[in-house]
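Each remark here refers to the structure printed beneath this line.
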Amino acid sequence: MNYKQPKKLPLLEVYDLQTWFPIKRGIMARTVGYIRAVDIVSLYINRGETLGLVGESGCGKSTLGRTLLGLEKARKGKILFCGKNLLELNYRELRDIRRRMQIIFQDPLTALNPRMNIIDIITEGLVEFRLIQGTREDHAKRLMNEVGLDEEAIYRYPHEFSGGQRQRINIARALSLRPDLIVCDEPVSALDVSVQAQVINLLMDLRDRYNLSYLFISHDLSVVSNIAHRMAVMYLGKIVEYGPTGDIINNPMHPYTKALINAAPRPYFEEIEHKSKRIILNGEIPSSSDPPSGCMFHTRCMEVMDICRKRAPRETKSGMHGVWCHLYSRVVE
Amino acid sequence: MIWIEGLRNLKLLKINNITVTFEIDEGIVRAVDDVSFHIDRNEIVGLVGESGCGKSVTALSILRLIPLPYGRIETGEILFYGKNLLELDHKEMRKIRGRAISMIFQEPGSALSPLHTIGRQMVETILLHKNITRKDAWNIAETWVEKVKISDPRERMFAYPYQLSGGMQQRVMIAMALMLEPDLIIADEPTTALDVTTQAQIFELVREMRLSHTSILLITHDMGVIWEMCDRVLVMYASRIVEEGNRDDIFSRPKHPYTIALLEAIPKLSATPPIPPSKGDKGGCRLKAIPGQVPSALNYPSGCHFFDRCPDAFDRCRDEKPKLVNLGNRHRAACFLAKNEL
């Protein structure tokens, strides 16, 4: 477990990651095509940093998170965690690293085994990795305190808790092994506004206390903008824009990002400048088994040009802000 | 709608003191507790609240769709053009459902029949209410499928729901709700299951499609949706309406502590975005959360239901139920402090 991280190297680096799911047909289950859920994605997360990943449903953001943890098999690419390529490790090495990466799922109830009580749920990992010092109860109580739950409740079962409390239990479980990275897959979408705010605050407190890194996956831009230092916008398996959260929100470059920010309904006290003229996207997200040629977004883009249909855009970068769109690549050329 | 032409000058919908209870193993739950409100013609009213606050049950009770025998409308009256819907027999009630009052449900996928083509489902609804031939009904349905901007309407009429995306299914639901030109449409979280870009499309459509005299009761948990769509707002908390008023009053001059807290708890896009982490300052904007959680319907506080979580609660709130206090300009709040702070 001596993966000492050289200073300044990001905790997690991903290069050209691809996750494709085969489409099988017929009695021979012949592969007739692929769903390109994640198609050539690169990103990095520093220690203590939160990267927000936004996009519509079906854009591959959850698959990306799951691939990082090895829950889906990557087709190609590199996932460097503290400098080690996860895709090349053998089972035993991977097991050690998995301890340091955890996940929090969207639906807090289905993520918890209804037949296990809370103490079993949140100390299961500790037992598995033989990290228990003292009694399990002590560990369970400590974890319950950390996530703001009553420590006397450790013998109760998941159905006895409310949605927000269940999500806290999920957080406690993710936290139990002292991970470096937590993938938060829509952790607050199933919660009500008043509880959502509590859970987001808790996640931020824990991040600052333990210097955790999050990959925060959400479809809700305003949630992400509150917690994430940097943001990446995903569309049809590709990242179309990334950068510091403030830059993305106040100065979005890609037409899709603009539309996404624009479409989110929000109270008037939040009018922001580019919100004044309404953008409503036409059509729907195309199928990722048969993505459009050229730029993936050209079928819905309001600023589409001829070149968009023919050629996929390259990355245009200025500082920490990058975008894949012909509108900007032309300016540079 | 022409079914009671002479009653145009009456209020479209007026609900007086309805209480709905459900019998469950643990006891009797008051899902809706003494709720009164009205909807005028040509008005979009938003009913906002957290899950379990009774907003859906309120909507279902208007159409008398509360599941029997566990649920019961205990008291009150629901006046639709002055006629009490609770006194109608089943036959009369069926004439109102779909024709005078129609409903759009949250999950279009489960509200549509998976076994029938959408054309057939739409025609069935039309034939139930109108005495016309099947062919005419088919044509009406087809024009509406076209009006809600579904491409290839002729072919899509033969499609099964599973062949359509969520956004398309919801368009079909909207077409079905609108095609009989009802006076009131109850939309229960119509876009919660959809993406924001699709949601924007659906709202644009609803705005365009709305007939001049159609009113909408829009049920949602999203304050942003309320701001975009509604003229007037009802805020519900733990089975009761705690505040009602025009949209601008609710957003800029909220009076009930719950409404105030709810508006503050919404994550804001324009909040100072977190800066990249440095040593001292880790970045990230904390939200103003409401402490505690929504009480269980089995043991609400005996006075004000918000008593446990309210920052301004005092002794009187513990035992006495606050009434809705009139604050002028159709703005009312159920709080003892509402009037003083004016």
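Simple scheme: letters A, B, ... for chains in structure tokens order, numbers from 1 for residues in each chain, numbers from 1 for ligands in the order shown.
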Using only C-alpha atoms, find the residues of chain A whose closest atom to chain B is at most 8 Å away, then write them as a short mmCIF file (atom, residue, chain, number, x, y, z; two decimals) with N, CA and C atoms, in the first residue's frame.
```
data_model
loop_
_atom_site.label_atom_id
_atom_site.label_comp_id
_atom_site.auth_asym_id
_atom_site.auth_seq_id
_atom_site.Cartn_x
_atom_site.Cartn_y
_atom_site.Cartn_z
N GLY A 48 -8.00 16.65 -2.74
CA GLY A 48 -8.79 17.67 -2.07
C GLY A 48 -9.68 18.47 -3.01
N GLU A 49 -9.71 18.06 -4.25
CA GLU A 49 -10.45 18.83 -5.23
C GLU A 49 -11.74 18.10 -5.63
N GLU A 56 -26.89 15.44 -19.56
CA GLU A 56 -28.25 14.89 -19.51
C GLU A 56 -28.19 13.39 -19.25
N SER A 57 -29.34 12.80 -18.94
CA SER A 57 -29.33 11.36 -18.71
C SER A 57 -28.96 10.66 -20.01
N ASP A 192 -35.21 15.86 -1.05
CA ASP A 192 -35.91 17.13 -1.09
C ASP A 192 -34.97 18.28 -0.84
N VAL A 193 -35.40 19.47 -1.27
CA VAL A 193 -34.52 20.64 -1.20
C VAL A 193 -33.96 20.86 0.20
N SER A 194 -34.81 20.79 1.23
CA SER A 194 -34.34 21.14 2.57
C SER A 194 -33.31 20.13 3.07
N VAL A 195 -33.45 18.87 2.65
CA VAL A 195 -32.52 17.84 3.08
C VAL A 195 -31.29 17.83 2.18
N GLN A 196 -31.52 18.12 0.91
CA GLN A 196 -30.44 18.20 -0.07
C GLN A 196 -29.35 19.14 0.41
N ALA A 197 -29.75 20.30 0.91
CA ALA A 197 -28.78 21.28 1.36
C ALA A 197 -27.95 20.72 2.51
N GLN A 198 -28.59 20.00 3.43
CA GLN A 198 -27.85 19.40 4.55
C GLN A 198 -26.78 18.43 4.05
N ILE A 200 -25.38 18.20 1.04
CA ILE A 200 -24.30 18.88 0.30
C ILE A 200 -23.32 19.51 1.29
N ASN A 201 -23.85 20.16 2.31
CA ASN A 201 -22.97 20.77 3.32
C ASN A 201 -22.10 19.72 4.00
N MET A 204 -19.29 18.69 1.81
CA MET A 204 -18.23 19.70 1.77
C MET A 204 -17.40 19.69 3.04
N ASP A 208 -13.32 18.83 3.31
CA ASP A 208 -12.30 19.72 3.86
C ASP A 208 -11.59 19.08 5.04
N HIS A 219 -26.96 15.98 -12.68
CA HIS A 219 -27.56 16.66 -13.83
C HIS A 219 -27.92 18.09 -13.44
N LEU A 221 -27.03 21.62 -12.48
CA LEU A 221 -25.91 22.55 -12.53
C LEU A 221 -25.76 23.37 -11.27
N SER A 222 -26.87 23.76 -10.65
CA SER A 222 -26.72 24.63 -9.49
C SER A 222 -26.13 23.87 -8.31
N VAL A 223 -26.47 22.59 -8.17
CA VAL A 223 -25.86 21.79 -7.11
C VAL A 223 -24.36 21.69 -7.35
N SER A 225 -22.42 23.61 -9.08
CA SER A 225 -21.68 24.88 -8.99
C SER A 225 -21.41 25.26 -7.54
N ASN A 226 -22.19 24.71 -6.60
CA ASN A 226 -21.94 25.02 -5.21
C ASN A 226 -20.81 24.21 -4.61
N ILE A 227 -20.58 23.02 -5.13
CA ILE A 227 -19.61 22.15 -4.48
C ILE A 227 -18.33 21.95 -5.29
N ALA A 228 -18.40 22.10 -6.61
CA ALA A 228 -17.25 21.71 -7.44
C ALA A 228 -16.27 22.85 -7.66
N HIS A 229 -14.98 22.53 -7.64
CA HIS A 229 -13.97 23.52 -7.98
C HIS A 229 -13.85 23.66 -9.49
N ARG A 230 -13.88 22.49 -10.14
CA ARG A 230 -13.83 22.49 -11.59
C ARG A 230 -15.00 21.68 -12.12
N PRO A 244 -12.69 25.81 -14.67
CA PRO A 244 -13.08 26.20 -13.31
C PRO A 244 -14.58 26.55 -13.30
N THR A 245 -15.25 26.19 -12.20
CA THR A 245 -16.70 26.34 -12.16
C THR A 245 -17.17 27.75 -12.49
N GLY A 246 -16.48 28.74 -11.93
CA GLY A 246 -16.89 30.11 -12.19
C GLY A 246 -16.84 30.46 -13.67
N ILE A 249 -19.80 28.69 -15.56
CA ILE A 249 -21.12 29.25 -15.31
C ILE A 249 -21.25 30.66 -15.90
N ALA A 259 -26.84 26.17 -23.48
CA ALA A 259 -28.23 25.72 -23.47
C ALA A 259 -28.59 25.07 -22.13
N LEU A 260 -27.63 24.31 -21.61
CA LEU A 260 -27.86 23.61 -20.35
C LEU A 260 -28.05 24.60 -19.20
N ALA A 263 -31.43 26.34 -19.74
CA ALA A 263 -32.67 25.58 -19.63
C ALA A 263 -33.10 25.36 -18.19
N ALA A 264 -32.14 25.40 -17.27
CA ALA A 264 -32.49 25.10 -15.89
C ALA A 264 -33.38 26.21 -15.33
N PRO A 265 -34.60 25.89 -14.91
CA PRO A 265 -35.46 26.92 -14.36
C PRO A 265 -34.96 27.32 -13.00
N ARG A 266 -34.91 28.62 -12.75
CA ARG A 266 -34.48 29.04 -11.43
C ARG A 266 -35.10 30.39 -11.12
N PRO A 267 -35.28 30.64 -9.82
CA PRO A 267 -35.95 31.86 -9.43
C PRO A 267 -35.25 33.10 -9.96
N TYR A 268 -36.04 34.17 -10.06
CA TYR A 268 -35.57 35.38 -10.74
C TYR A 268 -34.36 36.01 -10.08
N GLU A 270 -31.85 34.99 -9.51
CA GLU A 270 -30.64 34.41 -10.04
C GLU A 270 -30.43 34.73 -11.49
N ILE A 272 -28.91 35.64 -14.63
CA ILE A 272 -27.53 35.91 -14.99
C ILE A 272 -27.54 36.40 -16.43
N ILE A 280 -33.85 27.38 -26.38
CA ILE A 280 -34.47 26.08 -26.18
C ILE A 280 -33.97 25.14 -27.26
N LEU A 281 -33.33 24.07 -26.82
CA LEU A 281 -32.77 23.12 -27.76
C LEU A 281 -33.88 22.36 -28.46
N ASN A 282 -33.69 22.08 -29.73
CA ASN A 282 -34.65 21.23 -30.43
C ASN A 282 -34.22 19.79 -30.28
N GLU A 284 -33.83 15.68 -29.43
CA GLU A 284 -33.39 14.95 -28.25
C GLU A 284 -31.99 14.42 -28.47
#
```
**Item:** Spatial neighbours of region 70-82 of chain A, 9 Å, only C-alpha atoms, chain gap at least 3 places, as number ranges by chain
**Value:** A: 3-6, 9-20, 38, 40-42, 63-67, 85-88, 94, 97-98
Save out the residues we just selected, C-alpha atoms, as a PDB file, in the first residue's frame.
```
ATOM      1  CA  TYR A   3       1.731   4.274  -3.274  1.00  0.00           C
ATOM      2  CA  LYS A   4       3.411   7.429  -2.071  1.00  0.00           C
ATOM      3  CA  GLN A   5       2.174  10.146  -4.251  1.00  0.00           C
ATOM      4  CA  PRO A   6       4.773  12.520  -5.626  1.00  0.00           C
ATOM      5  CA  LEU A   9       0.850  14.842  -9.407  1.00  0.00           C
ATOM      6  CA  PRO A  10      -2.934  14.629  -9.637  1.00  0.00           C
ATOM      7  CA  LEU A  11      -4.605  11.941  -7.538  1.00  0.00           C
ATOM      8  CA  LEU A  12      -6.436  10.605 -10.542  1.00  0.00           C
ATOM      9  CA  GLU A  13      -5.587  10.964 -14.192  1.00  0.00           C
ATOM     10  CA  VAL A  14      -7.630   9.517 -17.000  1.00  0.00           C
ATOM     11  CA  TYR A  15      -6.399   9.373 -20.569  1.00  0.00           C
ATOM     12  CA  ASP A  16      -8.510   8.547 -23.637  1.00  0.00           C
ATOM     13  CA  LEU A  17     -10.853   6.292 -21.737  1.00  0.00           C
ATOM     14  CA  GLN A  18     -13.406   4.295 -23.700  1.00  0.00           C
ATOM     15  CA  THR A  19     -16.215   2.157 -22.355  1.00  0.00           C
ATOM     16  CA  TRP A  20     -18.325   0.520 -25.024  1.00  0.00           C
ATOM     17  CA  VAL A  38     -17.791   6.734 -22.763  1.00  0.00           C
ATOM     18  CA  ILE A  40     -12.309   8.992 -25.445  1.00  0.00           C
ATOM     19  CA  VAL A  41     -12.462  10.957 -22.227  1.00  0.00           C
ATOM     20  CA  SER A  42      -9.500  12.487 -20.430  1.00  0.00           C
ATOM     21  CA  THR A  63     -20.714   4.926 -16.738  1.00  0.00           C
ATOM     22  CA  LEU A  64     -17.587   7.046 -16.548  1.00  0.00           C
ATOM     23  CA  GLY A  65     -17.752   7.060 -12.744  1.00  0.00           C
ATOM     24  CA  ARG A  66     -18.319   3.331 -12.635  1.00  0.00           C
ATOM     25  CA  THR A  67     -15.486   2.643 -15.032  1.00  0.00           C
ATOM     26  CA  ASN A  85      -2.617   2.290 -14.164  1.00  0.00           C
ATOM     27  CA  LEU A  86      -5.675   0.549 -12.747  1.00  0.00           C
ATOM     28  CA  LEU A  87      -6.364  -1.248 -16.002  1.00  0.00           C
ATOM     29  CA  GLU A  88      -3.084  -3.131 -15.803  1.00  0.00           C
ATOM     30  CA  LEU A  94      -6.559  -3.707  -7.514  1.00  0.00           C
ATOM     31  CA  ILE A  97      -6.419   0.366  -4.426  1.00  0.00           C
ATOM     32  CA  ARG A  98     -10.170  -0.105  -4.331  1.00  0.00           C
TER      33      ARG A  98
END
```
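For the atom pair formed by CA of Thr259 (chain B) and CA of Val188 (chain A), the distance is 20.6 Å, given to one decimal.
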**Message:** Neighbouring residues of region 174-176 of chain A were defined as those with any atom within 12 Å, considering only C-alpha atoms; residues of the same chain fewer than 5 positions away were excluded. Please report them as a ChimeraX atom specification.
**Reply:** /A:98-105,111-112,119-129,131-132,136,139-147,167-169,181-184,203,206-207,209-214
Include N, CA and C atoms and write out the residues we just selected as a compact mmCIF listing (two decimals), in the first residue's frame.
```txt
# COMPACT_ATOMS: atom_id res chain seq x y z
N ARG A 98 -8.73 -0.32 -4.43
CA ARG A 98 -10.17 -0.10 -4.33
C ARG A 98 -10.57 0.43 -2.97
N ARG A 99 -9.80 0.08 -1.95
CA ARG A 99 -10.07 0.59 -0.62
C ARG A 99 -10.05 2.11 -0.63
N ARG A 100 -9.24 2.66 -1.48
CA ARG A 100 -9.06 4.11 -1.47
C ARG A 100 -10.01 4.85 -2.41
N MET A 101 -10.87 4.09 -3.08
CA MET A 101 -11.86 4.70 -3.95
C MET A 101 -13.23 4.17 -3.56
N GLN A 102 -14.16 5.06 -3.31
CA GLN A 102 -15.49 4.62 -2.90
C GLN A 102 -16.54 5.30 -3.76
N ILE A 103 -17.77 4.84 -3.61
CA ILE A 103 -18.84 5.43 -4.41
C ILE A 103 -20.08 5.64 -3.55
N ILE A 104 -20.82 6.70 -3.85
CA ILE A 104 -22.11 6.96 -3.23
C ILE A 104 -23.13 6.98 -4.36
N PHE A 105 -24.18 6.17 -4.22
CA PHE A 105 -25.14 6.05 -5.31
C PHE A 105 -26.31 7.01 -5.15
N ALA A 111 -29.30 1.18 -2.37
CA ALA A 111 -27.86 0.96 -2.19
C ALA A 111 -27.56 0.29 -0.86
N LEU A 112 -28.57 0.18 0.01
CA LEU A 112 -28.34 -0.44 1.31
C LEU A 112 -29.08 -1.78 1.37
N ILE A 119 -24.88 -1.13 11.72
CA ILE A 119 -23.51 -1.43 12.16
C ILE A 119 -22.84 -2.40 11.18
N ASP A 120 -23.59 -3.39 10.68
CA ASP A 120 -23.01 -4.31 9.72
C ASP A 120 -22.70 -3.62 8.40
N ILE A 121 -23.62 -2.73 8.00
CA ILE A 121 -23.42 -2.05 6.72
C ILE A 121 -22.17 -1.19 6.75
N ILE A 122 -22.05 -0.37 7.79
CA ILE A 122 -20.95 0.60 7.72
C ILE A 122 -19.61 0.04 8.18
N THR A 123 -19.59 -1.12 8.82
CA THR A 123 -18.28 -1.67 9.19
C THR A 123 -17.90 -2.88 8.33
N GLU A 124 -18.72 -3.20 7.34
CA GLU A 124 -18.43 -4.37 6.51
C GLU A 124 -17.05 -4.24 5.85
N GLY A 125 -16.79 -3.07 5.32
CA GLY A 125 -15.50 -2.87 4.65
C GLY A 125 -14.34 -2.98 5.61
N LEU A 126 -14.51 -2.44 6.81
CA LEU A 126 -13.43 -2.49 7.81
C LEU A 126 -13.11 -3.93 8.17
N VAL A 127 -14.14 -4.77 8.29
CA VAL A 127 -13.93 -6.17 8.62
C VAL A 127 -13.22 -6.86 7.46
N GLU A 128 -13.70 -6.59 6.26
CA GLU A 128 -13.14 -7.20 5.06
C GLU A 128 -11.64 -6.90 4.94
N PHE A 129 -11.25 -5.69 5.24
CA PHE A 129 -9.85 -5.31 5.11
C PHE A 129 -9.08 -5.44 6.42
N LEU A 131 -9.31 -3.96 9.33
CA LEU A 131 -8.81 -2.68 9.82
C LEU A 131 -9.42 -2.32 11.17
N ILE A 132 -10.12 -3.27 11.77
CA ILE A 132 -10.79 -2.98 13.03
C ILE A 132 -9.79 -2.96 14.17
N ARG A 136 -16.18 -3.23 16.85
CA ARG A 136 -16.92 -2.72 15.69
C ARG A 136 -17.85 -1.59 16.11
N HIS A 139 -16.20 1.78 16.12
CA HIS A 139 -16.02 2.31 14.78
C HIS A 139 -17.33 2.82 14.22
N ALA A 140 -18.40 2.01 14.40
CA ALA A 140 -19.71 2.39 13.86
C ALA A 140 -20.18 3.69 14.48
N LYS A 141 -20.00 3.82 15.79
CA LYS A 141 -20.46 5.03 16.47
C LYS A 141 -19.68 6.25 16.00
N ARG A 142 -18.37 6.06 15.83
CA ARG A 142 -17.56 7.17 15.36
C ARG A 142 -18.04 7.63 13.98
N LEU A 143 -18.30 6.65 13.09
CA LEU A 143 -18.75 7.01 11.75
C LEU A 143 -20.10 7.70 11.78
N MET A 144 -21.00 7.20 12.65
CA MET A 144 -22.32 7.81 12.74
C MET A 144 -22.20 9.26 13.19
N ASN A 145 -21.30 9.51 14.14
CA ASN A 145 -21.08 10.88 14.58
C ASN A 145 -20.57 11.77 13.46
N GLU A 146 -19.67 11.20 12.67
CA GLU A 146 -19.08 12.01 11.60
C GLU A 146 -20.10 12.48 10.59
N VAL A 147 -21.11 11.65 10.33
CA VAL A 147 -22.11 12.05 9.34
C VAL A 147 -23.35 12.66 9.99
N GLN A 167 -29.02 8.53 3.07
CA GLN A 167 -27.87 8.98 2.29
C GLN A 167 -26.68 9.22 3.21
N ARG A 168 -26.94 9.68 4.43
CA ARG A 168 -25.85 9.84 5.39
C ARG A 168 -25.21 8.50 5.73
N ILE A 169 -26.03 7.44 5.80
CA ILE A 169 -25.49 6.11 6.07
C ILE A 169 -24.58 5.68 4.92
N LEU A 181 -10.56 9.05 -2.82
CA LEU A 181 -11.47 9.53 -3.85
C LEU A 181 -12.85 8.93 -3.63
N ILE A 182 -13.88 9.77 -3.69
CA ILE A 182 -15.25 9.25 -3.65
C ILE A 182 -15.96 9.69 -4.91
N VAL A 183 -16.52 8.73 -5.62
CA VAL A 183 -17.36 9.06 -6.77
C VAL A 183 -18.77 9.24 -6.25
N CYS A 184 -19.31 10.45 -6.37
CA CYS A 184 -20.66 10.72 -5.90
C CYS A 184 -21.58 10.74 -7.11
N LEU A 203 -21.13 16.84 2.76
CA LEU A 203 -20.09 16.40 1.84
C LEU A 203 -18.94 17.40 1.78
N LEU A 206 -16.85 17.15 5.06
CA LEU A 206 -16.00 15.97 5.09
C LEU A 206 -14.83 16.11 4.14
N ARG A 207 -15.09 16.70 3.00
CA ARG A 207 -14.03 16.91 2.02
C ARG A 207 -12.91 17.75 2.63
N ARG A 209 -12.33 18.26 5.83
CA ARG A 209 -11.72 17.67 7.02
C ARG A 209 -10.70 16.60 6.64
N TYR A 210 -11.04 15.77 5.64
CA TYR A 210 -10.16 14.64 5.30
C TYR A 210 -9.42 14.83 3.99
N ASN A 211 -9.50 16.03 3.42
CA ASN A 211 -8.82 16.29 2.16
C ASN A 211 -9.23 15.28 1.08
N LEU A 212 -10.53 15.02 1.01
CA LEU A 212 -11.03 14.06 0.04
C LEU A 212 -11.13 14.68 -1.34
N SER A 213 -11.07 13.82 -2.34
CA SER A 213 -11.37 14.27 -3.70
C SER A 213 -12.71 13.68 -4.11
N TYR A 214 -13.53 14.46 -4.77
CA TYR A 214 -14.80 13.93 -5.27
C TYR A 214 -14.86 14.03 -6.77
```
**Request:** Can you pull out every residue within 8 Å of Leu109 (chain A), counting only C-alpha atoms, but drop anything in the same chain fewer than 6 positions away, and send it as an NGL selection string?
**Result:** :A and (158-159 or 163 or 166-167)
**Asked** Where does DSSP see alpha helix (DSSP H) in region 96-268 of chain A, if you list the residues as an MDAnalysis selection string?
**Response** chainID A and resid 96:98 118:128 136:146 163:175 193:210 221:227 245:250 255:263
**Shell of 12 Å around Ile66 (chain B), only C-alpha atoms, local chain residues under 6 positions omitted, as a list in words** =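 The residues satisfying every condition are Thr19, Val20, Thr21, Phe22, Ala31, Val32, Gly54, Ser56, Val57, Thr58, Ala59, Leu60, Arg72, Ile73, Glu74 and Leu86 of chain B.
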**Request:** Determine which residues of region 121-242 of chain A DSSP labels as strand (DSSP E or B) from the backbone of this structure, then write them out as a list in words.
**Result:** Leu181, Ile182, Val183, Cys184, Asp185, Ser213, Tyr214, Leu215, Phe216, Ile217, Ser218, Arg230, Met231, Ala232, Val233, Met234, Tyr235, Lys238, Ile239, Val240, Glu241 and Tyr242 of chain A
Selected residues written out, C-alpha atoms, as a PDB file, in the first residue's frame:
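result-v1.pdb was written with the following content:
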```
ATOM      1  CA  LEU A 181     -11.471   9.527  -3.852  1.00  0.00           C
ATOM      2  CA  ILE A 182     -15.249   9.250  -3.646  1.00  0.00           C
ATOM      3  CA  VAL A 183     -17.356   9.056  -6.771  1.00  0.00           C
ATOM      4  CA  CYS A 184     -20.665  10.722  -5.902  1.00  0.00           C
ATOM      5  CA  ASP A 185     -23.188   9.559  -8.481  1.00  0.00           C
ATOM      6  CA  SER A 213     -11.371  14.273  -3.704  1.00  0.00           C
ATOM      7  CA  TYR A 214     -14.803  13.930  -5.267  1.00  0.00           C
ATOM      8  CA  LEU A 215     -15.982  13.157  -8.721  1.00  0.00           C
ATOM      9  CA  PHE A 216     -19.395  14.750  -8.316  1.00  0.00           C
ATOM     10  CA  ILE A 217     -21.810  13.514 -10.971  1.00  0.00           C
ATOM     11  CA  SER A 218     -25.082  15.374 -11.302  1.00  0.00           C
ATOM     12  CA  ARG A 230     -13.829  22.493 -11.594  1.00  0.00           C
ATOM     13  CA  MET A 231     -16.497  21.236 -13.926  1.00  0.00           C
ATOM     14  CA  ALA A 232     -16.720  19.055 -17.018  1.00  0.00           C
ATOM     15  CA  VAL A 233     -19.735  18.966 -19.309  1.00  0.00           C
ATOM     16  CA  MET A 234     -20.454  15.701 -21.045  1.00  0.00           C
ATOM     17  CA  TYR A 235     -22.512  15.010 -24.141  1.00  0.00           C
ATOM     18  CA  LYS A 238     -17.531  12.898 -24.746  1.00  0.00           C
ATOM     19  CA  ILE A 239     -16.492  15.863 -22.685  1.00  0.00           C
ATOM     20  CA  VAL A 240     -17.397  19.007 -24.627  1.00  0.00           C
ATOM     21  CA  GLU A 241     -16.177  21.624 -22.190  1.00  0.00           C
ATOM     22  CA  TYR A 242     -14.248  21.798 -18.934  1.00  0.00           C
TER      23      TYR A 242
END
```
**Request:** Quote the spacing between CA of Tyr70 (chain B) and CA of Met176 (chain B) in Å to one decimal place.
**Result:** 29.4 Å
